[in-house]
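Structure file model_16.csv (CSV, C-alpha atoms) follows.
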```csv
chain,number,residue,atom,x,y,z
Z,1,MET,CA,-51.2,-10.2,16.0
Z,2,ILE,CA,-52.3,-7.1,17.8
Z,3,PRO,CA,-50.9,-7.0,21.4
Z,4,PRO,CA,-53.2,-6.8,24.4
Z,5,ARG,CA,-54.5,-3.4,25.4
Z,6,ASP,CA,-52.4,-1.4,28.0
Z,7,GLY,CA,-54.6,-0.1,30.8
Z,8,TRP,CA,-52.2,2.7,31.5
Z,9,ILE,CA,-52.3,4.0,27.9
Z,10,ASP,CA,-56.1,3.7,27.8
Z,11,SER,CA,-56.4,5.6,31.1
Z,12,LEU,CA,-54.2,8.4,29.7
Z,13,ARG,CA,-56.3,8.4,26.5
Z,14,ALA,CA,-59.5,8.8,28.6
Z,15,LEU,CA,-58.0,11.6,30.7
Z,16,SER,CA,-56.9,13.5,27.5
Z,17,ALA,CA,-60.3,13.2,25.9
Z,18,VAL,CA,-62.2,14.2,29.1
Z,19,ALA,CA,-59.9,17.2,29.5
Z,20,VAL,CA,-60.7,18.3,26.0
Z,21,VAL,CA,-64.5,17.8,26.5
Z,22,LEU,CA,-64.5,19.8,29.8
Z,23,PHE,CA,-62.4,22.5,28.1
Z,24,HIS,CA,-65.0,22.9,25.4
Z,25,PHE,CA,-67.8,22.8,27.9
Z,26,ASN,CA,-66.3,25.8,29.6
Z,27,VAL,CA,-65.3,28.0,26.7
Z,28,LEU,CA,-68.9,28.8,25.8
Z,29,PRO,CA,-70.4,31.9,27.5
Z,30,THR,CA,-72.3,31.1,30.6
Z,31,VAL,CA,-73.4,33.3,33.5
Z,32,LEU,CA,-71.4,31.8,36.4
Z,33,PRO,CA,-72.8,31.8,39.9
Z,34,PRO,CA,-71.1,34.2,42.4
Z,35,GLY,CA,-68.1,33.0,44.4
Z,36,PRO,CA,-64.7,31.5,43.7
Z,37,VAL,CA,-65.6,27.8,43.3
Z,38,ALA,CA,-67.3,28.0,39.9
Z,39,ALA,CA,-64.7,30.5,38.6
Z,40,ALA,CA,-61.9,28.1,39.7
Z,41,TRP,CA,-63.7,25.2,38.0
Z,42,ARG,CA,-63.9,27.1,34.8
Z,43,GLY,CA,-60.4,28.5,35.1
Z,44,GLY,CA,-58.9,25.1,35.7
Z,45,TRP,CA,-60.6,23.5,32.7
Z,46,SER,CA,-59.4,26.4,30.5
Z,47,TYR,CA,-56.2,24.3,30.3
Z,48,GLY,CA,-58.1,21.2,29.2
Z,49,TYR,CA,-57.0,21.8,25.6
Z,50,LEU,CA,-53.6,20.5,26.7
Z,51,GLY,CA,-55.2,17.0,26.5
Z,52,VAL,CA,-54.3,17.2,22.8
Z,53,ALA,CA,-50.6,17.1,23.8
Z,54,VAL,CA,-51.3,13.8,25.7
Z,55,PHE,CA,-53.1,12.6,22.6
Z,56,PHE,CA,-50.2,13.4,20.3
Z,57,VAL,CA,-47.5,11.7,22.6
Z,58,LEU,CA,-49.7,8.6,22.9
Z,59,SER,CA,-50.3,8.5,19.1
Z,60,GLY,CA,-46.6,8.5,18.4
Z,61,TYR,CA,-45.9,6.0,21.1
Z,62,CYS,CA,-48.5,3.5,20.0
Z,63,LEU,CA,-47.8,4.0,16.3
Z,64,LEU,CA,-44.2,2.7,16.2
Z,65,PRO,CA,-44.9,-1.0,16.9
Z,66,GLY,CA,-47.5,-1.2,14.1
Z,67,TRP,CA,-45.1,0.6,11.8
Z,68,GLN,CA,-42.5,-2.0,12.5
Z,69,ARG,CA,-44.8,-4.9,11.9
Z,70,SER,CA,-46.2,-3.4,8.7
Z,71,LEU,CA,-45.9,-5.3,5.4
Z,72,GLY,CA,-45.2,-2.1,3.4
Z,73,LEU,CA,-46.5,1.3,2.6
Z,74,ALA,CA,-49.9,0.2,1.3
Z,75,ASP,CA,-50.5,-2.0,4.3
Z,76,PHE,CA,-49.5,0.7,6.8
Z,77,LEU,CA,-51.6,3.4,5.3
Z,78,ARG,CA,-54.6,1.2,4.8
Z,79,ARG,CA,-54.6,0.3,8.5
Z,80,ARG,CA,-54.1,3.8,9.6
Z,81,VAL,CA,-56.8,5.2,7.3
Z,82,LEU,CA,-59.2,2.6,8.5
Z,83,ARG,CA,-58.5,3.6,12.1
Z,84,ILE,CA,-59.1,7.3,11.5
Z,85,MET,CA,-61.3,8.0,8.5
Z,86,PRO,CA,-64.5,5.8,8.8
Z,87,PRO,CA,-65.4,7.2,12.3
Z,88,TYR,CA,-64.5,10.7,11.1
Z,89,TRP,CA,-66.9,10.3,8.1
Z,90,CYS,CA,-69.6,8.9,10.5
Z,91,SER,CA,-69.2,12.0,12.7
Z,92,LEU,CA,-69.7,14.1,9.6
Z,93,LEU,CA,-72.9,12.3,8.9
Z,94,LEU,CA,-73.9,12.9,12.5
Z,95,LEU,CA,-73.3,16.6,12.1
Z,96,ALA,CA,-75.2,16.7,8.8
Z,97,GLY,CA,-78.1,14.8,10.4
Z,98,LEU,CA,-78.3,17.2,13.3
Z,99,ALA,CA,-78.1,20.2,10.9
Z,100,VAL,CA,-80.8,18.9,8.6
Z,101,GLY,CA,-83.0,17.8,11.6
Z,102,GLY,CA,-82.6,21.3,13.2
Z,103,LYS,CA,-83.6,22.9,9.9
Z,104,ILE,CA,-86.7,20.8,9.6
Z,105,LEU,CA,-87.8,21.2,13.2
Z,106,THR,CA,-87.0,24.9,13.7
Z,107,GLY,CA,-86.5,26.3,10.2
Z,108,VAL,CA,-83.0,27.3,11.1
Z,109,ASN,CA,-79.7,25.4,10.8
Z,110,ASP,CA,-77.5,26.7,13.7
Z,111,ILE,CA,-75.6,23.4,14.0
Z,112,ALA,CA,-73.0,23.6,11.2
Z,113,ALA,CA,-72.4,25.3,7.9
Z,114,LEU,CA,-72.4,22.3,5.6
Z,115,PRO,CA,-70.2,22.3,2.5
Z,116,ARG,CA,-72.1,22.8,-0.7
Z,117,SER,CA,-69.7,22.8,-3.6
Z,118,PRO,CA,-68.0,19.6,-4.9
Z,119,GLY,CA,-64.6,21.1,-4.0
Z,120,THR,CA,-65.6,21.9,-0.4
Z,121,VAL,CA,-67.3,18.5,0.1
Z,122,ALA,CA,-64.2,16.7,-1.2
Z,123,ALA,CA,-61.9,18.8,1.0
Z,124,THR,CA,-64.1,18.1,4.1
Z,125,LEU,CA,-64.1,14.4,3.3
Z,126,LEU,CA,-60.4,14.3,2.9
Z,127,LEU,CA,-59.6,16.4,6.0
Z,128,LEU,CA,-58.2,19.2,3.9
Z,129,THR,CA,-59.9,21.8,6.0
Z,130,ASP,CA,-58.3,24.2,8.5
Z,131,PRO,CA,-55.4,24.2,9.3
Z,132,VAL,CA,-54.3,22.6,6.0
Z,133,THR,CA,-56.4,25.1,4.0
Z,134,THR,CA,-58.5,28.1,4.9
Z,135,LEU,CA,-61.8,26.1,4.6
Z,136,PRO,CA,-63.3,26.0,8.1
Z,137,ALA,CA,-63.7,22.5,9.7
Z,138,LEU,CA,-67.1,21.4,10.8
Z,139,ASN,CA,-65.9,20.4,14.3
Z,140,TRP,CA,-63.3,22.1,16.5
Z,141,VAL,CA,-61.3,18.9,17.0
Z,142,TYR,CA,-60.8,17.9,13.3
Z,143,TRP,CA,-57.6,19.9,13.0
Z,144,SER,CA,-55.7,17.3,15.1
Z,145,LEU,CA,-56.9,14.5,12.7
Z,146,SER,CA,-55.4,16.4,9.8
Z,147,PHE,CA,-52.1,16.5,11.8
Z,148,LEU,CA,-52.2,12.8,12.4
Z,149,LEU,CA,-52.8,12.0,8.7
Z,150,VAL,CA,-49.8,14.0,7.7
Z,151,CYS,CA,-47.6,12.2,10.3
Z,152,TYR,CA,-48.9,8.8,9.1
Z,153,LEU,CA,-48.1,9.8,5.5
Z,154,LEU,CA,-44.5,10.9,6.4
Z,155,ILE,CA,-43.8,7.9,8.5
Z,156,GLY,CA,-45.5,5.6,6.0
Z,157,LEU,CA,-43.2,6.8,3.1
Z,158,LEU,CA,-40.3,5.4,5.0
Z,159,GLN,CA,-41.7,2.0,4.3
Z,160,LEU,CA,-40.4,2.4,0.8
Z,161,LEU,CA,-36.9,2.1,2.1
Z,162,PRO,CA,-35.2,-1.3,2.8
Z,163,ARG,CA,-36.1,-2.5,6.2
Z,164,PRO,CA,-32.6,-2.1,7.7
Z,165,ALA,CA,-32.6,1.6,6.7
Z,166,ARG,CA,-36.0,2.6,8.1
Z,167,ILE,CA,-35.1,3.3,11.7
Z,168,GLY,CA,-32.2,5.5,10.7
Z,169,ALA,CA,-34.5,7.4,8.3
Z,170,LEU,CA,-37.1,7.8,11.1
Z,171,VAL,CA,-34.5,9.4,13.3
Z,172,GLY,CA,-33.4,11.6,10.5
Z,173,LEU,CA,-37.0,12.7,9.7
Z,174,HIS,CA,-37.6,13.5,13.4
Z,175,ASP,CA,-34.4,15.5,13.7
Z,176,LEU,CA,-35.0,17.4,10.5
Z,177,LEU,CA,-38.5,18.5,11.5
Z,178,CYS,CA,-37.4,19.5,15.0
Z,179,LEU,CA,-34.5,21.6,13.4
Z,180,ILE,CA,-36.9,23.2,10.9
Z,181,ASP,CA,-39.2,24.2,13.8
Z,182,LEU,CA,-36.2,25.6,15.8
Z,183,ALA,CA,-35.0,27.6,12.8
Z,184,PHE,CA,-38.3,28.8,11.4
Z,185,HIS,CA,-41.2,27.9,13.8
Z,186,PRO,CA,-43.8,27.9,11.0
Z,187,GLU,CA,-47.3,29.1,11.7
Z,188,PRO,CA,-49.8,26.3,12.7
Z,189,HIS,CA,-51.7,27.0,9.4
Z,190,GLY,CA,-51.0,26.2,5.8
Z,191,ALA,CA,-48.8,23.6,4.2
Z,192,LEU,CA,-46.3,23.4,7.1
Z,193,PHE,CA,-48.9,23.5,9.9
Z,194,PHE,CA,-47.8,20.1,11.3
Z,195,ILE,CA,-44.2,21.0,12.0
Z,196,ARG,CA,-45.0,23.0,15.2
Z,197,TYR,CA,-46.7,19.9,16.8
Z,198,TRP,CA,-44.4,17.2,15.4
Z,199,PRO,CA,-41.8,17.3,18.2
Z,200,VAL,CA,-44.5,16.3,20.8
Z,201,PHE,CA,-45.7,13.5,18.5
Z,202,GLY,CA,-42.1,12.5,17.9
Z,203,LEU,CA,-41.4,12.4,21.6
Z,204,GLY,CA,-43.8,9.4,21.7
Z,205,LEU,CA,-42.0,7.8,18.8
Z,206,ALA,CA,-38.7,8.3,20.6
Z,207,LEU,CA,-39.9,6.5,23.7
Z,208,ALA,CA,-41.2,3.6,21.8
Z,209,LEU,CA,-38.0,3.4,19.8
Z,210,LEU,CA,-36.0,3.1,22.9
Z,211,ALA,CA,-37.4,-0.4,23.4
Z,212,LEU,CA,-36.5,-1.4,19.8
Z,213,ASP,CA,-33.2,0.3,19.2
Z,214,ARG,CA,-31.8,2.1,22.2
Z,215,PRO,CA,-29.0,4.1,20.5
Z,216,ALA,CA,-31.5,5.4,17.8
Z,217,GLY,CA,-34.1,6.1,20.5
Z,218,ARG,CA,-31.6,8.1,22.5
Z,219,VAL,CA,-30.7,10.3,19.5
Z,220,MET,CA,-34.4,11.0,18.9
Z,221,LEU,CA,-35.0,11.7,22.6
Z,222,GLY,CA,-32.0,13.9,22.9
Z,223,LEU,CA,-33.0,16.2,20.1
Z,224,SER,CA,-36.6,16.2,21.5
Z,225,LEU,CA,-35.1,17.6,24.8
Z,226,VAL,CA,-33.0,20.2,23.0
Z,227,HIS,CA,-36.1,21.3,21.0
Z,228,ALA,CA,-38.2,21.5,24.2
Z,229,ALA,CA,-35.6,23.6,26.0
Z,230,TRP,CA,-35.1,26.0,23.1
Z,231,SER,CA,-38.9,26.3,22.6
Z,232,ALA,CA,-39.6,26.9,26.3
Z,233,ILE,CA,-37.1,29.8,26.2
Z,234,HIS,CA,-38.1,31.4,22.9
Z,235,TRP,CA,-41.9,30.6,22.7
Z,236,PRO,CA,-43.4,31.0,26.1
Z,237,ASP,CA,-46.9,30.4,24.8
Z,238,PHE,CA,-45.9,26.9,23.8
Z,239,ARG,CA,-44.5,26.0,27.2
Z,240,PRO,CA,-47.7,24.4,28.7
Z,241,PHE,CA,-48.1,22.2,25.6
Z,242,LEU,CA,-44.5,21.0,25.9
Z,243,LEU,CA,-44.7,20.5,29.6
Z,244,VAL,CA,-47.8,18.3,29.3
Z,245,GLY,CA,-46.2,16.3,26.5
Z,246,GLY,CA,-43.1,15.8,28.7
Z,247,LEU,CA,-45.2,14.8,31.7
Z,248,THR,CA,-47.1,12.3,29.5
Z,249,ALA,CA,-43.8,10.8,28.4
Z,250,GLY,CA,-42.6,10.5,32.0
Z,251,LEU,CA,-45.8,8.8,33.0
Z,252,LEU,CA,-45.4,6.3,30.2
Z,253,VAL,CA,-41.9,5.5,31.4
Z,254,LEU,CA,-43.0,5.1,35.0
Z,255,ALA,CA,-46.0,2.9,34.1
Z,256,ARG,CA,-43.9,0.4,32.2
Z,257,SER,CA,-42.7,-1.2,35.5
Z,258,ARG,CA,-45.9,-1.0,37.5
Z,259,PRO,CA,-49.0,-3.2,37.5
Z,260,PHE,CA,-52.2,-1.6,36.4
Z,261,PRO,CA,-54.5,-1.0,39.4
Z,262,ARG,CA,-58.0,-2.5,39.2
Z,263,GLY,CA,-59.5,0.8,40.5
Z,264,LEU,CA,-58.6,2.4,37.2
Z,265,VAL,CA,-60.3,-0.2,35.0
Z,266,PRO,CA,-63.5,2.0,34.5
Z,267,LEU,CA,-61.2,4.9,33.3
Z,268,ALA,CA,-59.3,2.6,31.0
Z,269,GLU,CA,-62.7,1.4,29.6
Z,270,ILE,CA,-63.4,5.0,28.5
Z,271,GLY,CA,-60.0,5.0,26.9
Z,272,ARG,CA,-61.1,2.3,24.6
Z,273,PHE,CA,-63.6,4.6,22.9
Z,274,SER,CA,-61.8,7.9,23.6
Z,275,TYR,CA,-61.5,8.6,19.9
Z,276,SER,CA,-65.3,8.4,19.6
Z,277,LEU,CA,-65.6,10.7,22.6
Z,278,TYR,CA,-63.3,13.1,21.0
Z,279,LEU,CA,-65.3,13.1,17.8
Z,280,VAL,CA,-68.9,13.4,19.2
Z,281,HIS,CA,-68.6,15.6,22.2
Z,282,VAL,CA,-69.0,18.8,20.2
Z,283,PRO,CA,-72.1,17.8,18.2
Z,284,VAL,CA,-73.7,15.7,21.0
Z,285,GLY,CA,-72.5,17.3,24.2
Z,286,ILE,CA,-72.4,21.0,23.1
Z,287,LEU,CA,-74.7,21.4,20.1
Z,288,VAL,CA,-77.5,19.2,21.5
Z,289,LEU,CA,-77.2,18.4,25.2
Z,290,MET,CA,-75.8,21.8,26.4
Z,291,ARG,CA,-78.8,23.5,24.9
Z,292,LEU,CA,-81.0,21.7,27.4
Z,293,THR,CA,-79.1,23.1,30.4
Z,294,PRO,CA,-79.7,26.5,32.1
Z,295,VAL,CA,-77.7,29.5,30.9
Z,296,GLN,CA,-77.6,30.9,34.4
Z,297,PHE,CA,-76.9,29.0,37.6
Z,298,THR,CA,-77.9,29.7,41.2
Z,299,SER,CA,-74.9,27.9,42.8
Z,300,ALA,CA,-71.5,26.5,42.0
Z,301,LEU,CA,-72.7,23.0,43.0
Z,302,GLN,CA,-75.5,23.2,40.4
Z,303,PHE,CA,-73.1,24.5,37.8
Z,304,ILE,CA,-70.5,21.7,38.4
Z,305,LEU,CA,-73.1,18.9,38.7
Z,306,THR,CA,-74.7,20.0,35.4
Z,307,GLN,CA,-71.3,19.7,33.7
Z,308,LEU,CA,-70.7,16.3,35.2
Z,309,LEU,CA,-74.1,15.1,34.0
Z,310,LEU,CA,-73.4,16.5,30.6
Z,311,LEU,CA,-70.1,14.7,30.6
Z,312,ALA,CA,-71.7,11.4,31.6
Z,313,ALA,CA,-74.4,11.7,28.9
Z,314,THR,CA,-71.7,12.5,26.3
Z,315,VAL,CA,-69.6,9.5,27.4
Z,316,ALA,CA,-72.7,7.3,27.0
Z,317,ALA,CA,-73.3,8.7,23.5
Z,318,ALA,CA,-69.7,8.2,22.6
Z,319,ARG,CA,-69.9,4.6,23.7
Z,320,LEU,CA,-72.8,4.0,21.4
Z,321,PHE,CA,-71.0,5.8,18.5
Z,322,TYR,CA,-68.0,3.6,19.1
Z,323,LEU,CA,-70.1,0.4,18.8
Z,324,LEU,CA,-71.7,1.6,15.6
Z,325,ALA,CA,-69.1,3.7,13.8
Z,326,GLU,CA,-65.7,2.9,15.2
Z,327,ARG,CA,-65.4,-0.7,16.3
Z,328,PRO,CA,-66.6,-2.3,13.0
Z,329,PHE,CA,-63.7,-0.6,11.2
Z,330,LEU,CA,-60.9,-1.4,13.6
Z,331,PRO,CA,-58.0,-3.3,11.9
Z,332,ARG,CA,-58.2,-7.0,12.5
Z,333,ALA,CA,-55.5,-8.9,14.2
Z,334,ARG,CA,-53.1,-10.8,11.9
Z,335,THR,CA,-53.1,-14.5,12.3
```

Just give me the structure of the file as structure tokens.
Amino acid sequence: MIPPRDGWIDSLRALSAVAVVLFHFNVLPTVLPPGPVAAAWRGGWSYGYLGVAVFFVLSGYCLLPGWQRSLGLADFLRRRVLRIMPPYWCSLLLLAGLAVGGKILTGVNDIAALPRSPGTVAATLLLLTDPVTTLPALNWVYWSLSFLLVCYLLIGLLQLLPRPARIGALVGLHDLLCLIDLAFHPEPHGALFFIRYWPVFGLGLALALLALDRPAGRVMLGLSLVHAAWSAIHWPDFRPFLLVGGLTAGLLVLARSRPFPRGLVPLAEIGRFSYSLYLVHVPVGILVLMRLTPVQFTSALQFILTQLLLLAATVAAARLFYLLAERPFLPRART
């Protein structure tokens, strides 16, 4: 049986997705109106990419209960693949449709460079694009899905062990990957690309494990803190990512003992289809809708309102995408 949805978690999902959307809205070149307001808006959302850190912590936190309930490796991976891949494939179809439609209407495909060879098609379908390989991904956000698939595979393989040994093996896996990052800090590209981001994902796992096995959870959490402290000292560029991951973990701890306020229900509703928003905001919000907006603005108010309208339209499109391409593939509750 799938537990009821958590409004706090859905709200954090929504905030992380919206932050990434507004980050991408503001990385494209636009002639800003004069004055500090528009510049401050754009500068503030230049940190919106940190919504990915929230996404990773939540992914680890929400994964552990399902991992515990799983009937084995095949069951775990089947449910995880169904959660991630069908909407991803549908988003590829959306991109391909926009590219072909643009070619037919204008004679030019400036939407996406579609794969042509069998090998590049297969790599794209299997999420073996950048950063796993050097093949460019068709959407800026797909790299994080490759990361999640690797995490699912690593954690899923622990299902091959006897059930009493799995939690200990999970702690060992987390500690090993954190230590590898401390020792070598691999580049976020190539075969070991996932190691740099694992500690943030593992922080979510550690928080969830505290409720199931407090001593094991404390060991995981302890090494996560050691990793964060070392990383903050030696890799300053990674500090914001670690800080947002830590803040997300803190909010999860605080939210456990507090009732969910009704005023946040609309935000939590967006969290239900935040994955769809994550997938479609580039093709719909940027490659289509943003082309309909001015490239130069007369005032900060016009600039900000335009982005908020773009956000609202993109959220509406993501809701439709969720109904058509995500909800039908959600794993069913066990009876």

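With all atoms listed in the file taken into account, the protein and nucleic acid residues at most 9 Å from range 302-315 of chain Z (excluding it and anything under 4 positions from it in its own chain) are Val18, Val21, Leu22, Phe25, Asn26, Leu32, Pro33, Ala38, Trp41, Ile270, Phe273, Ser274, Ser276, Leu277, Val280, His281, Val284, Gly285, Ile286, Leu289, Met290, Thr293, Pro294, Gln296, Phe297, Thr298, Arg319 and Leu320 of chain Z.
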
In Å, how far is it from CA of Leu95 in chain Z to CA of Thr129 in chain Z? 15.6 Å

Surrounding residues of Val288 in chain Z excluding itself and chain neighbours under 5 positions, 9 Å, all atoms listed in the file, as number ranges by chain: Z: 98, 111, 282-283

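Of the residues listed (Z:Leu63, Z:Leu323, Z:Ala113, Z:Leu58), Z:Leu58 shows the shortest atom-to-atom separation from Gly250 in chain Z; distances use only C-alpha atoms.
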
Could you write out as JSON the box around range 38-57 of chain Z (axis-aligned, all atoms listed in the file, 3 Å on each side), with centre and edge lengths in Å to one decimal?
```
{"center_x": -57.4, "center_y": 21.1, "center_z": 30.1, "size_x": 25.8, "size_y": 24.8, "size_z": 25.6}
```

Using only C-alpha atoms, the shortest atom-to-atom distance to Gly156 in chain Z among Z:His189, Z:Arg272, Z:Arg79, Z:Arg258 belongs to Z:Arg79

Applying 12 Å and all atoms listed in the file, which residues near Ile9 in chain Z remain after dropping the ones on its own chain fewer than 5 positions away? List them as an NGL selection string. :Z and (4 or 14-16 or 54-55 or 57-62 or 204 or 248-249 or 251-256 or 260 or 264-265 or 267-272 or 274)

With all atoms listed in the file as the atoms that count, which of Z:Ala99, Z:Ala300, Z:Ala169, Z:Leu28 lies nearest to Leu154 in chain Z? Z:Ala169

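Nearest residue to Gly222 in chain Z among Z:Val132, Z:Cys178, Z:Leu242, Z:Leu160 is Z:Cys178, counting all atoms listed in the file.
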
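For the atom pair formed by CA of Gly245 in chain Z and CA of Ala53 in chain Z, the distance is 5.2 Å, given to one decimal.
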
Would you please work out which residue, of Z:Leu221, Z:Val52, Z:Tyr152, Z:Val226, is nearest to Arg78 in chain Z when using only C-alpha atoms? Z:Tyr152
